[in-house]
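Below is entry-v7.tsv, which holds TSV, C-alpha atoms and all ligand atoms.
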```
chain	number	residue	atom	x	y	z
L	191	MET	CA	0.00	0.00	0.00
L	192	PRO	CA	1.35	3.45	-0.84
L	193	HIS	CA	1.92	5.75	2.12
L	194	ASP	CA	-0.99	8.17	2.52
L	195	ASN	CA	1.16	11.19	1.80
L	196	LEU	CA	2.80	9.82	-1.32
L	197	PRO	CA	1.43	10.76	-4.72
L	198	ILE	CA	-0.07	7.70	-6.42
L	199	ASP	CA	-0.31	9.13	-9.87
L	200	ASP	CA	1.58	12.30	-10.65
L	201	ALA	CA	1.48	11.88	-14.40
L	202	PRO	CA	1.62	15.13	-16.35
L	203	GLN	CA	-1.00	15.75	-18.99
L	204	ALA	CA	-0.46	15.27	-22.72
L	205	GLY	CA	0.65	18.49	-24.34
L	206	THR	CA	2.75	19.58	-21.35
L	207	ALA	CA	5.95	21.22	-22.58
L	208	LEU	CA	9.24	19.56	-21.61
L	209	ALA	CA	10.19	22.79	-19.87
L	210	GLN	CA	7.25	22.28	-17.52
L	211	LEU	CA	8.17	18.72	-16.54
L	212	GLU	CA	9.61	18.27	-13.09
L	213	THR	CA	12.93	16.47	-13.38
L	214	PRO	CA	14.32	13.88	-13.40
L	215	ALA	CA	11.77	12.35	-15.77
L	216	LEU	CA	11.97	9.31	-18.02
L	217	LEU	CA	11.31	10.21	-21.66
L	218	LEU	CA	10.29	7.69	-24.28
L	219	ASP	CA	10.64	8.50	-27.97
L	220	GLU	CA	7.74	6.58	-29.45
L	221	ALA	CA	8.99	6.68	-33.04
L	222	ARG	CA	12.36	5.20	-32.07
L	223	MET	CA	10.64	2.49	-30.02
L	224	GLN	CA	8.35	1.63	-32.92
L	225	ARG	CA	11.36	1.42	-35.26
L	226	ASN	CA	13.11	-0.95	-32.83
L	227	ILE	CA	10.00	-3.13	-32.62
L	228	GLU	CA	9.70	-3.29	-36.42
L	229	ARG	CA	13.36	-4.24	-36.73
L	230	MET	CA	12.98	-7.19	-34.33
L	231	ARG	CA	9.64	-8.25	-35.80
L	232	SER	CA	10.88	-8.31	-39.39
L	233	ARG	CA	14.05	-10.17	-38.40
L	234	LEU	CA	12.09	-12.90	-36.61
L	235	GLN	CA	9.60	-13.12	-39.46
L	236	ALA	CA	12.47	-13.68	-41.88
L	237	LEU	CA	13.81	-16.42	-39.61
L	238	GLY	CA	10.34	-18.01	-39.43
L	239	VAL	CA	10.13	-18.16	-35.65
L	240	ALA	CA	7.55	-17.05	-33.09
L	241	PHE	CA	8.15	-14.10	-30.78
L	242	ARG	CA	7.68	-14.21	-27.00
L	243	PRO	CA	8.92	-10.74	-25.98
L	244	HIS	CA	10.51	-10.30	-22.58
L	245	VAL	CA	8.53	-7.58	-20.81
L	246	LYS	CA	10.97	-7.12	-17.92
L	247	THR	CA	12.52	-4.13	-19.68
L	248	ASN	CA	9.30	-2.21	-20.18
L	249	LYS	CA	6.93	-3.39	-17.38
L	250	SER	CA	4.17	-1.44	-19.09
L	251	ILE	CA	0.95	-2.49	-20.75
L	252	ASP	CA	1.20	0.40	-23.22
L	253	VAL	CA	4.62	-0.67	-24.46
L	254	THR	CA	3.75	-4.37	-24.47
L	255	ARG	CA	0.57	-3.77	-26.50
L	256	ARG	CA	2.80	-2.24	-29.17
L	257	LEU	CA	5.06	-5.28	-29.07
L	258	LEU	CA	2.08	-7.60	-29.45
L	259	PRO	CA	-0.74	-5.84	-31.25
L	260	GLY	CA	-2.90	-8.96	-30.67
L	261	GLY	CA	-2.78	-8.05	-27.03
L	262	THR	CA	-2.74	-11.30	-25.03
L	263	GLY	CA	0.66	-12.91	-25.34
L	264	PRO	CA	2.78	-14.92	-25.45
L	265	ILE	CA	5.18	-13.06	-23.15
L	266	THR	CA	8.22	-13.74	-20.97
L	267	VAL	CA	8.45	-12.28	-17.47
L	268	SER	CA	11.23	-12.03	-14.90
L	269	THR	CA	9.03	-11.59	-11.80
L	270	LEU	CA	5.68	-12.94	-10.72
L	271	LEU	CA	4.53	-9.35	-10.23
L	272	GLU	CA	4.94	-8.91	-13.98
L	273	ALA	CA	2.87	-12.08	-14.45
L	274	ASP	CA	0.16	-10.66	-12.12
L	275	TYR	CA	0.07	-7.33	-13.88
L	276	PHE	CA	-0.07	-8.70	-17.42
L	277	ALA	CA	-2.59	-11.39	-16.41
L	278	GLY	CA	-4.74	-8.50	-15.20
L	279	HIS	CA	-4.52	-7.11	-18.74
L	280	GLY	CA	-5.67	-10.38	-20.32
L	281	PHE	CA	-2.34	-12.10	-21.03
L	282	THR	CA	-2.70	-15.83	-20.48
L	283	ASP	CA	0.43	-17.42	-22.01
L	284	ILE	CA	3.31	-16.41	-19.75
L	285	LEU	CA	6.81	-17.87	-19.32
L	286	TYR	CA	8.41	-17.04	-15.97
L	287	ALA	CA	12.06	-17.25	-17.05
L	288	VAL	CA	13.82	-17.43	-13.69
L	289	CYS	CA	14.23	-20.81	-11.98
L	290	ILE	CA	11.30	-21.42	-9.66
L	291	ALA	CA	11.75	-21.39	-5.86
L	292	PRO	CA	9.51	-23.11	-3.27
L	293	ASN	CA	8.28	-19.88	-1.68
L	294	LYS	CA	6.75	-18.84	-5.02
L	295	LEU	CA	4.53	-21.87	-5.52
L	296	ALA	CA	1.53	-20.33	-3.75
L	297	HIS	CA	1.83	-17.36	-6.10
L	298	VAL	CA	2.07	-19.69	-9.09
L	299	ALA	CA	-1.12	-21.42	-7.91
L	300	ALA	CA	-2.91	-18.09	-7.58
L	301	LEU	CA	-1.95	-17.25	-11.18
L	302	GLN	CA	-3.12	-20.66	-12.42
L	303	ASP	CA	-6.42	-20.05	-10.64
L	304	ARG	CA	-6.79	-16.92	-12.77
L	305	SER	CA	-6.56	-19.12	-15.91
L	306	VAL	CA	-2.95	-18.17	-16.67
L	307	ARG	CA	-0.91	-20.83	-18.49
L	308	LEU	CA	2.26	-20.07	-16.59
L	309	SER	CA	5.36	-21.95	-17.74
L	310	LEU	CA	8.09	-22.46	-15.16
L	311	ILE	CA	11.77	-23.21	-15.63
L	312	LEU	CA	14.24	-25.26	-13.60
L	313	ASP	CA	17.73	-26.68	-13.97
L	314	SER	CA	18.11	-29.28	-11.21
L	315	VAL	CA	16.66	-32.52	-9.93
L	316	GLU	CA	16.39	-30.72	-6.57
L	317	THR	CA	13.86	-28.25	-7.98
L	318	ALA	CA	12.14	-30.96	-10.02
L	319	ARG	CA	11.62	-32.81	-6.73
L	320	LEU	CA	9.98	-29.72	-5.24
L	321	LEU	CA	7.49	-29.54	-8.09
L	322	ALA	CA	6.87	-33.28	-7.90
L	323	ASP	CA	6.09	-32.98	-4.18
L	324	GLU	CA	3.80	-30.03	-4.82
L	325	ARG	CA	2.04	-31.91	-7.61
L	326	GLN	CA	1.45	-34.84	-5.31
L	327	ARG	CA	0.25	-32.58	-2.47
L	328	SER	CA	-2.04	-30.30	-4.46
L	329	GLY	CA	-2.76	-32.29	-7.62
L	330	ARG	CA	-1.75	-29.22	-9.66
L	331	ALA	CA	-0.39	-29.58	-13.17
L	332	PHE	CA	2.80	-27.71	-14.06
L	333	GLU	CA	4.19	-26.64	-17.42
L	334	VAL	CA	7.94	-26.91	-17.16
L	335	LEU	CA	10.90	-26.05	-19.38
L	336	ILE	CA	14.43	-27.18	-18.57
L	337	GLU	CA	16.99	-24.41	-18.68
L	338	ILE	CA	20.05	-25.11	-20.82
L	339	ASP	CA	23.46	-23.54	-20.33
L	340	SER	CA	24.45	-22.67	-23.89
L	341	ASP	CA	27.45	-20.46	-23.10
L	342	GLY	CA	28.67	-20.77	-19.50
L	343	HIS	CA	27.05	-17.41	-18.74
L	344	ARG	CA	24.77	-18.21	-15.80
L	345	SER	CA	22.39	-21.03	-14.95
L	346	GLY	CA	21.20	-24.13	-16.81
L	347	VAL	CA	22.35	-27.69	-17.45
L	348	LYS	CA	24.74	-28.72	-20.19
L	349	PRO	CA	22.90	-29.73	-23.36
L	350	ASP	CA	25.03	-32.86	-23.71
L	351	GLY	CA	25.34	-33.76	-20.02
L	352	PRO	CA	23.59	-36.43	-17.96
L	353	GLU	CA	21.62	-33.99	-15.70
L	354	LEU	CA	19.31	-33.04	-18.57
L	355	LEU	CA	17.95	-36.55	-18.93
L	356	GLU	CA	17.91	-37.14	-15.15
L	357	ILE	CA	15.70	-34.08	-14.63
L	358	ALA	CA	13.40	-35.15	-17.46
L	359	ARG	CA	13.11	-38.70	-16.08
L	360	PHE	CA	12.24	-37.33	-12.66
L	361	LEU	CA	9.61	-34.92	-13.99
L	362	GLU	CA	7.96	-37.41	-16.32
L	363	ALA	CA	7.80	-40.04	-13.56
L	364	ALA	CA	6.02	-37.49	-11.36
L	365	GLY	CA	3.42	-36.80	-14.06
L	366	ILE	CA	4.97	-33.50	-15.14
L	367	PRO	CA	5.67	-33.67	-18.89
L	368	VAL	CA	8.70	-31.74	-20.14
L	369	LYS	CA	7.19	-28.92	-22.17
L	370	GLY	CA	10.48	-27.75	-23.60
L	371	VAL	CA	13.94	-26.32	-23.23
L	372	MET	CA	15.07	-22.71	-23.02
L	373	THR	CA	18.33	-20.78	-22.88
L	374	HIS	CA	19.59	-17.22	-22.72
L	375	ALA	CA	22.98	-16.64	-24.33
L	376	GLY	CA	23.99	-13.76	-22.04
L	377	SER	CA	27.59	-14.10	-23.22
L	378	SER	CA	26.49	-12.37	-26.41
L	379	TYR	CA	26.73	-9.11	-24.41
L	380	ASP	CA	30.49	-9.60	-24.20
L	381	SER	CA	30.95	-10.28	-27.91
L	382	PRO	CA	33.68	-8.05	-29.34
L	383	THR	CA	32.31	-8.09	-32.91
L	384	VAL	CA	29.08	-8.67	-34.80
L	385	GLU	CA	30.67	-11.85	-36.23
L	386	ALA	CA	31.14	-13.07	-32.65
L	387	ILE	CA	27.45	-12.35	-31.94
L	388	ARG	CA	26.49	-14.39	-35.03
L	389	ALA	CA	28.64	-17.26	-33.80
L	390	MET	CA	27.06	-17.00	-30.33
L	391	ALA	CA	23.57	-17.10	-31.87
L	392	GLU	CA	24.46	-20.33	-33.65
L	393	GLN	CA	25.95	-21.75	-30.44
L	394	GLU	CA	22.73	-20.82	-28.58
L	395	ARG	CA	20.58	-22.44	-31.26
L	396	ALA	CA	22.65	-25.59	-31.61
L	397	ALA	CA	22.85	-26.22	-27.84
L	398	THR	CA	19.11	-25.86	-27.32
L	399	VAL	CA	18.15	-27.94	-30.34
L	400	LEU	CA	20.57	-30.67	-29.25
L	401	ALA	CA	19.01	-30.72	-25.77
L	402	ALA	CA	15.51	-30.99	-27.28
L	403	GLN	CA	16.59	-33.82	-29.58
L	404	ARG	CA	18.08	-35.77	-26.68
L	405	LEU	CA	14.92	-35.31	-24.62
L	406	ARG	CA	12.72	-36.44	-27.50
L	407	ALA	CA	14.90	-39.50	-28.10
L	408	ALA	CA	14.45	-40.31	-24.41
L	409	GLY	CA	10.67	-40.13	-24.70
L	410	SER	CA	9.67	-36.56	-23.73
L	411	ALA	CA	7.45	-34.61	-26.14
L	412	CYS	CA	9.44	-31.38	-25.61
L	413	PRO	CA	7.56	-29.26	-28.18
L	414	VAL	CA	9.10	-25.90	-27.16
L	415	VAL	CA	12.63	-24.77	-28.02
L	416	SER	CA	13.05	-21.22	-26.70
L	417	VAL	CA	16.13	-19.02	-27.12
L	418	GLY	CA	16.88	-15.37	-26.79
L	419	SER	CA	18.84	-12.29	-26.06
L	420	THR	CA	18.67	-9.07	-28.05
L	421	PRO	CA	22.06	-9.49	-29.76
L	422	THR	CA	21.54	-13.12	-30.78
L	423	ALA	CA	17.92	-12.53	-31.85
L	424	LEU	CA	18.96	-9.71	-34.18
L	425	PHE	CA	22.05	-11.37	-35.63
L	426	ALA	CA	21.08	-15.06	-35.86
L	427	GLU	CA	21.45	-16.27	-39.43
L	428	ARG	CA	19.22	-19.31	-39.01
L	429	LEU	CA	17.02	-20.65	-36.25
L	430	ASP	CA	16.05	-24.11	-37.52
L	431	GLY	CA	14.67	-26.24	-34.75
L	432	VAL	CA	13.87	-23.22	-32.57
L	433	THR	CA	10.18	-22.53	-31.92
L	434	GLU	CA	10.32	-19.12	-30.20
L	435	VAL	CA	12.62	-16.19	-29.44
L	436	ARG	CA	12.62	-14.08	-26.30
L	437	ALA	CA	14.16	-10.59	-26.35
L	438	GLY	CA	13.54	-7.55	-24.17
L	439	VAL	CA	15.96	-4.67	-24.15
L	440	PHE	CA	15.79	-4.11	-27.94
L	441	VAL	CA	12.50	-2.25	-27.45
L	442	PHE	CA	14.43	0.71	-26.01
L	443	PHE	CA	18.09	-0.23	-26.64
L	444	ASP	CA	20.79	1.53	-24.61
L	445	LEU	CA	24.44	2.62	-24.65
L	446	PHE	CA	25.58	-0.88	-23.77
L	447	MET	CA	23.91	-2.32	-26.88
L	448	ALA	CA	25.30	0.55	-28.98
L	449	GLY	CA	28.73	-0.27	-27.53
L	450	ILE	CA	28.63	-3.74	-29.11
L	451	ASP	CA	27.19	-2.43	-32.41
L	452	VAL	CA	23.78	-4.04	-31.93
L	453	CYS	CA	22.16	-0.61	-32.43
L	454	ARG	CA	23.16	2.99	-33.08
L	455	VAL	CA	23.10	5.68	-30.41
L	456	ASP	CA	20.19	7.32	-32.21
L	457	ASP	CA	18.11	4.15	-31.88
L	458	ILE	CA	18.01	4.55	-28.07
L	459	ALA	CA	14.39	5.30	-27.23
L	460	VAL	CA	14.63	6.17	-23.52
L	461	SER	CA	16.46	9.11	-21.99
L	462	VAL	CA	16.41	10.90	-18.66
L	463	LEU	CA	15.37	14.54	-18.72
L	464	ALA	CA	17.53	16.43	-16.20
L	465	THR	CA	18.04	20.06	-15.22
L	466	VAL	CA	21.25	21.95	-14.56
L	467	ILE	CA	21.40	22.95	-10.87
L	468	GLY	CA	24.94	24.34	-10.54
L	469	HIS	CA	28.58	24.41	-11.63
L	470	ARG	CA	32.14	23.78	-10.47
L	471	PRO	CA	34.08	25.79	-13.06
L	472	ASP	CA	37.45	24.87	-11.49
L	473	LYS	CA	36.73	21.22	-12.31
L	474	GLY	CA	34.74	21.79	-15.51
L	475	TRP	CA	31.68	20.22	-13.90
L	476	THR	CA	28.02	20.96	-14.49
L	477	LEU	CA	25.72	19.57	-11.82
L	478	VAL	CA	22.29	18.18	-12.72
L	479	ASP	CA	19.41	16.77	-10.70
L	480	ALA	CA	19.85	13.22	-12.07
L	481	GLY	CA	22.23	11.11	-10.03
L	482	TRP	CA	22.43	7.34	-9.76
L	483	MET	CA	18.85	7.04	-8.47
L	484	ALA	CA	17.74	8.53	-11.79
L	485	MET	CA	20.29	6.80	-14.05
L	486	SER	CA	20.97	3.61	-12.01
L	487	ARG	CA	24.40	2.54	-10.84
L	488	ASP	CA	24.88	0.43	-13.97
L	489	ARG	CA	28.32	1.11	-15.41
L	490	GLY	CA	28.17	-1.60	-18.02
L	491	THR	CA	29.98	0.49	-20.65
L	492	ALA	CA	33.05	0.79	-18.37
L	493	GLY	CA	34.31	-2.51	-19.79
L	494	GLN	CA	33.57	-1.60	-23.41
L	495	ARG	CA	35.62	0.17	-26.09
L	496	VAL	CA	34.09	3.53	-25.08
L	497	ASP	CA	33.30	4.17	-21.40
L	498	GLN	CA	30.16	6.33	-21.34
L	499	GLY	CA	30.32	7.12	-17.61
L	500	TYR	CA	26.77	7.16	-16.23
L	501	GLY	CA	25.31	8.28	-19.56
L	502	VAL	CA	25.71	10.37	-22.71
L	503	VAL	CA	24.49	13.97	-22.40
L	504	CYS	CA	22.25	15.22	-25.23
L	505	ASP	CA	20.35	18.37	-26.08
L	506	LEU	CA	16.54	18.47	-25.99
L	507	GLN	CA	16.35	16.99	-29.51
L	508	CYS	CA	18.35	14.03	-28.16
L	509	ARG	CA	21.48	14.92	-30.15
L	510	PRO	CA	24.61	14.01	-28.16
L	511	ILE	CA	26.59	17.09	-27.09
L	512	GLU	CA	30.10	16.27	-28.26
L	513	ASP	CA	32.09	14.32	-25.66
L	514	LEU	CA	29.84	15.36	-22.78
L	515	ILE	CA	29.01	12.50	-20.40
L	516	LEU	CA	27.85	12.03	-16.84
L	517	VAL	CA	31.30	11.53	-15.34
L	518	GLY	CA	30.03	11.01	-11.80
L	519	ALA	CA	26.83	10.34	-9.90
L	520	ASN	CA	25.75	10.68	-6.28
L	521	GLN	CA	22.27	9.71	-5.18
L	522	GLU	CA	20.50	12.81	-6.56
L	523	HIS	CA	23.41	14.73	-8.11
L	524	GLY	CA	24.79	13.96	-11.53
L	525	ILE	CA	28.12	15.43	-12.59
L	526	ILE	CA	28.46	16.36	-16.26
L	527	GLY	CA	31.98	16.70	-17.58
L	528	HIS	CA	34.01	16.49	-20.76
L	529	ARG	CA	35.24	13.03	-21.67
L	530	SER	CA	38.82	14.35	-21.73
L	531	GLY	CA	38.56	15.50	-18.11
L	532	ARG	CA	39.85	18.94	-19.14
L	533	PRO	CA	37.80	21.70	-17.43
L	534	ASP	CA	37.99	24.17	-20.35
L	535	ASN	CA	36.56	21.68	-22.85
L	536	ALA	CA	33.05	21.55	-21.36
L	537	PRO	CA	30.45	24.03	-22.70
L	538	HIS	CA	28.68	26.31	-20.22
L	539	LEU	CA	25.08	25.22	-19.60
L	540	PRO	CA	23.26	27.82	-17.47
L	541	VAL	CA	21.27	26.81	-14.37
L	542	GLY	CA	17.81	25.68	-15.49
L	543	THR	CA	19.03	24.25	-18.81
L	544	GLN	CA	17.44	20.89	-19.55
L	545	VAL	CA	19.42	18.03	-21.02
L	546	ARG	CA	18.57	14.47	-21.99
L	547	ILE	CA	20.86	11.71	-20.80
L	548	LEU	CA	21.03	8.34	-22.57
L	549	PRO	CA	21.36	5.39	-20.17
L	550	ASN	CA	23.91	2.58	-20.07
L	551	HIS	CA	21.24	0.00	-19.31
L	552	ALA	CA	17.61	0.78	-20.13
L	553	CYS	CA	16.12	-1.90	-17.81
L	554	ALA	CA	18.04	-0.58	-14.80
L	555	THR	CA	17.35	3.10	-15.49
L	556	ALA	CA	13.64	2.68	-16.18
L	557	ALA	CA	13.23	0.75	-12.90
L	558	ALA	CA	13.29	3.97	-10.85
L	559	TYR	CA	10.31	5.59	-12.60
L	560	ARG	CA	6.55	5.33	-12.30
L	561	HIS	CA	5.88	6.68	-15.79
L	562	TYR	CA	7.22	6.96	-19.29
L	563	GLN	CA	6.73	10.47	-20.62
L	564	VAL	CA	6.02	9.64	-24.24
L	565	LEU	CA	7.27	12.02	-26.91
L	566	GLY	CA	5.79	12.37	-30.38
L	567	PRO	CA	7.71	13.18	-33.58
L	568	ASP	CA	7.76	16.92	-32.85
L	569	GLY	CA	9.14	16.32	-29.35
L	570	ALA	CA	5.83	17.23	-27.64
L	571	LEU	CA	4.53	15.13	-24.76
L	572	LEU	CA	1.91	12.77	-26.21
L	573	ALA	CA	1.03	10.74	-23.15
L	574	SER	CA	2.19	9.47	-19.81
L	575	TRP	CA	2.33	5.67	-19.61
L	576	PRO	CA	2.44	4.02	-16.19
L	577	ARG	CA	5.06	1.39	-15.36
L	578	PHE	CA	5.96	-0.50	-12.22
L	579	SER	CA	8.93	-2.07	-10.45
L	580	GLY	CA	9.61	-4.49	-7.62
L	581	TRP	CA	8.30	-7.94	-6.87
V	601	LIG	C1	15.98	-15.71	-19.42
V	601	LIG	C2	16.09	-14.50	-20.28
V	601	LIG	N1	15.54	-14.52	-21.50
V	601	LIG	C3	15.59	-13.46	-22.32
V	601	LIG	C4	16.23	-12.30	-21.93
V	601	LIG	C5	16.21	-11.13	-22.89
V	601	LIG	O1	17.46	-10.61	-23.15
V	601	LIG	P1	17.63	-9.16	-23.81
V	601	LIG	O2	17.19	-8.17	-22.79
V	601	LIG	O3	19.07	-9.09	-24.18
V	601	LIG	O4	16.74	-9.13	-25.00
V	601	LIG	C6	16.82	-12.23	-20.67
V	601	LIG	C7	17.51	-11.03	-20.23
V	601	LIG	O5	18.10	-10.94	-19.18
V	601	LIG	C8	16.74	-13.36	-19.81
V	601	LIG	O6	17.28	-13.37	-18.59
```
Output the file's structure as structure tokens, nothing else.
Amino acid sequence: MPHDNLPIDDAPQAGTALAQLETPALLLDEARMQRNIERMRSRLQALGVAFRPHVKTNKSIDVTRRLLPGGTGPITVSTLLEADYFAGHGFTDILYAVCIAPNKLAHVAALQDRSVRLSLILDSVETARLLADERQRSGRAFEVLIEIDSDGHRSGVKPDGPELLEIARFLEAAGIPVKGVMTHAGSSYDSPTVEAIRAMAEQERAATVLAAQRLRAAGSACPVVSVGSTPTALFAERLDGVTEVRAGVFVFFDLFMAGIDVCRVDDIAVSVLATVIGHRPDKGWTLVDAGWMAMSRDRGTAGQRVDQGYGVVCDLQCRPIEDLILVGANQEHGIIGHRSGRPDNAPHLPVGTQVRILPNHACATAAAYRHYQVLGPDGALLASWPRFSGW
């Protein structure tokens, strides 16, 4: 429950000028977003594979309706709160793509009772046992995918290892048919070249298809083969054997994705509107009211070819101001400086000047906001779309 004194909905009205917006505010360029959606859609159409967008990036019905004009799924979620919210908007085919834990089973049951076909994932016999016990206790049916480790990035079982078949045997014996396999080739984010992303996409595909073939040979139906990350989805050259692709961050893109040449800086659809609040001329700093709470602490570009600090500073038309980045961030203070660190290189931006700052990681930055302030082609505020965070 929100505290009584907190505003529940402070969304500005359509038509409000940017100058009137209280900052920091999260801006969404609708035309850029739409272009990003079309790019992913046409790529997946060409590859002949279904799309199950990951809605963890946007956490917004307005954005997700544009991803899926049909309006009711399929979608991928990263929290059960996302599943609740989208179920409330009529989505019934939902993949919860984080391994299930015992304390979430009551929540899963509540979603099933709302007619949601919620698919769960797991990667151990230990978790399979939990579901088997729950099935025996409650008589509930579960739709389960086994997570495959296609690149050593995070979780999952090896596609050619013995655990895969052990888990399947355990599930099938407990009356839980293996619905499919899924993987997320997160190593694609570290790919130094587009060729390396292409190779990672093929590695992701081949590992998951191999796992599905082994499961089928062992007697499971395993109809679903699900892969996905934004880089591999956009650069895969073939996806034979794959039935669906999950991707999320492409809808907005960010500096991290631009840093590995998956998009251009001018494809980035979200930016933080901030206002100049002071200066430190001796250091060449301009202070703004967007610190790490507004930008997130994500410094993902620090390990890339070009370190973008806490974000790239742009003018109100979202054109980067040459070599100006957020060099530092405290909780509510952002420090704008010249990339070179030389005080005399930074332009003077008077107090009250508004800038737009492109984020390193769109999912992390958007998480702090209750709304997207949606901009039309002329830069005017078209609408304010609610979004949520948390669990
Ligand atoms: C399981 C899973 N699937 C799909 C995705 C989508 O990846 P991206 O945001 O790169 O599109 C993620 C992202 O973290 C994920 O964890």
Residues at most 7 Å from segment 523-528 of chain L, counting only C-alpha atoms, excluding those fewer than 6 positions away in the same chain, as a PyMOL selection string? chain L and resi 474-481+513-517+535-536
Throw together the list of residues within 6 Å of ligand LIG 601 (chain V), counting all atoms listed in the file, and drop it here as a list in words. His244, Ala287, His374, Gly418, Ser419, Thr420, Arg436, Ala437, Gly438, Val439 and Phe440 of chain L
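Closest approach to Pro567 of chain L among L:Ala554, L:Gln507, L:Val460, L:Val368: L:Gln507, based on only C-alpha atoms.
Ranking L:Val545, L:Ile227, L:Val253, L:Leu285 by their shortest atom-to-atom distance to Val267 of chain L, with all atoms listed in the file included, puts L:Leu285 first.
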Between atom CA of Leu463 of chain L and atom CA of Pro533 of chain L, what is the distance in Å, rounded to a tenth? 23.6 Å
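Nearest to Leu218 of chain L of all the residues L:Leu506, L:Ala201, L:Leu445, L:Ala459 is L:Ala459, counting all atoms listed in the file.
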Atom CA of Val441 of chain L to atom CA of Cys453 of chain L, distance in Å rounded to a single decimal: 11.0 Å
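With distances restricted to only C-alpha atoms, L:Gly499 is the closest residue to Ser530 of chain L from L:Gly499, L:Gly205, L:Pro421, L:Pro367.
Distances to Gln544 of chain L were evaluated for L:Phe360, L:Ala519, L:Thr262, L:Ala464 using all atoms listed in the file, and the minimum falls at L:Ala464.
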Counting only C-alpha atoms, figure out which residue out of L:Val462, L:Ala401, L:Arg560, L:Asp380 gets nearest to Trp575 of chain L. L:Arg560
So that I can see what lies close to Leu354 of chain L, please list as a PyMOL selection string the residues with an atom at most 12 Å from it, counting all atoms listed in the file and leaving out residues fewer than 6 positions away in the same chain. chain L and resi 312-315+318+335-339+346-348+360-361+368+370-371+398+400-406+408+410
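Our summary of the geometry notes that atom CA of Phe446 of chain L is positioned 9.7 Å from atom CA of Gly493 of chain L.
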Write out as a JSON list (two decimals) with C-alpha atoms, in the frame of the given file each polymer residue whose atoms come within 12 Å of Gly566 of chain L, counting all atoms listed in the file; drop sequence neighbours fewer than 2 positions from it.
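Below is the file result_23.json, written as the result:
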```json
[["chain", "number", "residue", "atom", "x", "y", "z"],
["L", 204, "ALA", "CA", -0.46, 15.27, -22.72],
["L", 205, "GLY", "CA", 0.65, 18.49, -24.34],
["L", 206, "THR", "CA", 2.75, 19.58, -21.35],
["L", 207, "ALA", "CA", 5.95, 21.22, -22.58],
["L", 208, "LEU", "CA", 9.24, 19.56, -21.61],
["L", 217, "LEU", "CA", 11.31, 10.21, -21.66],
["L", 218, "LEU", "CA", 10.29, 7.69, -24.28],
["L", 219, "ASP", "CA", 10.64, 8.50, -27.97],
["L", 220, "GLU", "CA", 7.74, 6.58, -29.45],
["L", 221, "ALA", "CA", 8.99, 6.68, -33.04],
["L", 222, "ARG", "CA", 12.36, 5.20, -32.07],
["L", 223, "MET", "CA", 10.64, 2.49, -30.02],
["L", 224, "GLN", "CA", 8.35, 1.63, -32.92],
["L", 459, "ALA", "CA", 14.39, 5.30, -27.23],
["L", 507, "GLN", "CA", 16.35, 16.99, -29.51],
["L", 563, "GLN", "CA", 6.73, 10.47, -20.62],
["L", 564, "VAL", "CA", 6.02, 9.64, -24.24],
["L", 568, "ASP", "CA", 7.76, 16.92, -32.85],
["L", 569, "GLY", "CA", 9.14, 16.32, -29.35],
["L", 570, "ALA", "CA", 5.83, 17.23, -27.64],
["L", 571, "LEU", "CA", 4.53, 15.13, -24.76],
["L", 572, "LEU", "CA", 1.91, 12.77, -26.21],
["L", 573, "ALA", "CA", 1.03, 10.74, -23.15],
["L", 574, "SER", "CA", 2.19, 9.47, -19.81]]
```
Using the file's own x, y and z axes, what box holds all listed atoms of segment 557-574 of chain L with 4 Å on each side, keeping edges along x, y and z, and what are its centre and edge lengths in Å to one decimal, as JSON?
```
{"center_x": 7.2, "center_y": 9.0, "center_z": -22.2, "size_x": 20.3, "size_y": 24.5, "size_z": 30.7}
```
Neighbour residues at most 10 Å from (6.5, -14.8, -12.6) (all atoms listed in the file) as an NGL selection string: :L and (266-275 or 284-290 or 294 or 297-298 or 301 or 308-310 or 581)
Which protein, DNA or RNA residues are at most 9 Å from (23.3, -17.7, -18.9) in the file's coordinates when you count only C-alpha atoms, listed as a PyMOL selection string? chain L and resi 338-346+373-377
Same residues, C-alpha atoms, saved as a compact mmCIF listing (two decimals), in the frame of the given file:
```
# COMPACT_ATOMS: atom_id res chain seq x y z
CA ILE L 338 20.05 -25.11 -20.82
CA ASP L 339 23.46 -23.54 -20.33
CA SER L 340 24.45 -22.67 -23.89
CA ASP L 341 27.45 -20.46 -23.10
CA GLY L 342 28.67 -20.77 -19.50
CA HIS L 343 27.05 -17.41 -18.74
CA ARG L 344 24.77 -18.21 -15.80
CA SER L 345 22.39 -21.03 -14.95
CA GLY L 346 21.20 -24.13 -16.81
CA THR L 373 18.33 -20.78 -22.88
CA HIS L 374 19.59 -17.22 -22.72
CA ALA L 375 22.98 -16.64 -24.33
CA GLY L 376 23.99 -13.76 -22.04
CA SER L 377 27.59 -14.10 -23.22
```
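Once segment 447-449 of chain L and its same-chain neighbours fewer than 5 positions away are set aside, Tyr379, Thr420, Pro421, Val439, Phe440, Arg454, Val455, Asp457, Ile458, Thr491, Gln494, Arg495, Val496, Asp497, Asn550 and His551 of chain L remain within 9 Å of it when counting only C-alpha atoms.
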For Thr543 of chain L: contacts at 8 Å, all atoms listed in the file, fewer than 4 positions along chain excluded, given as a compact mmCIF listing (two decimals) with C-alpha atoms, in the coordinates of the input:
```txt
# COMPACT_ATOMS: atom_id res chain seq x y z
CA THR L 465 18.04 20.06 -15.22
CA VAL L 466 21.25 21.95 -14.56
CA LEU L 539 25.08 25.22 -19.60
```
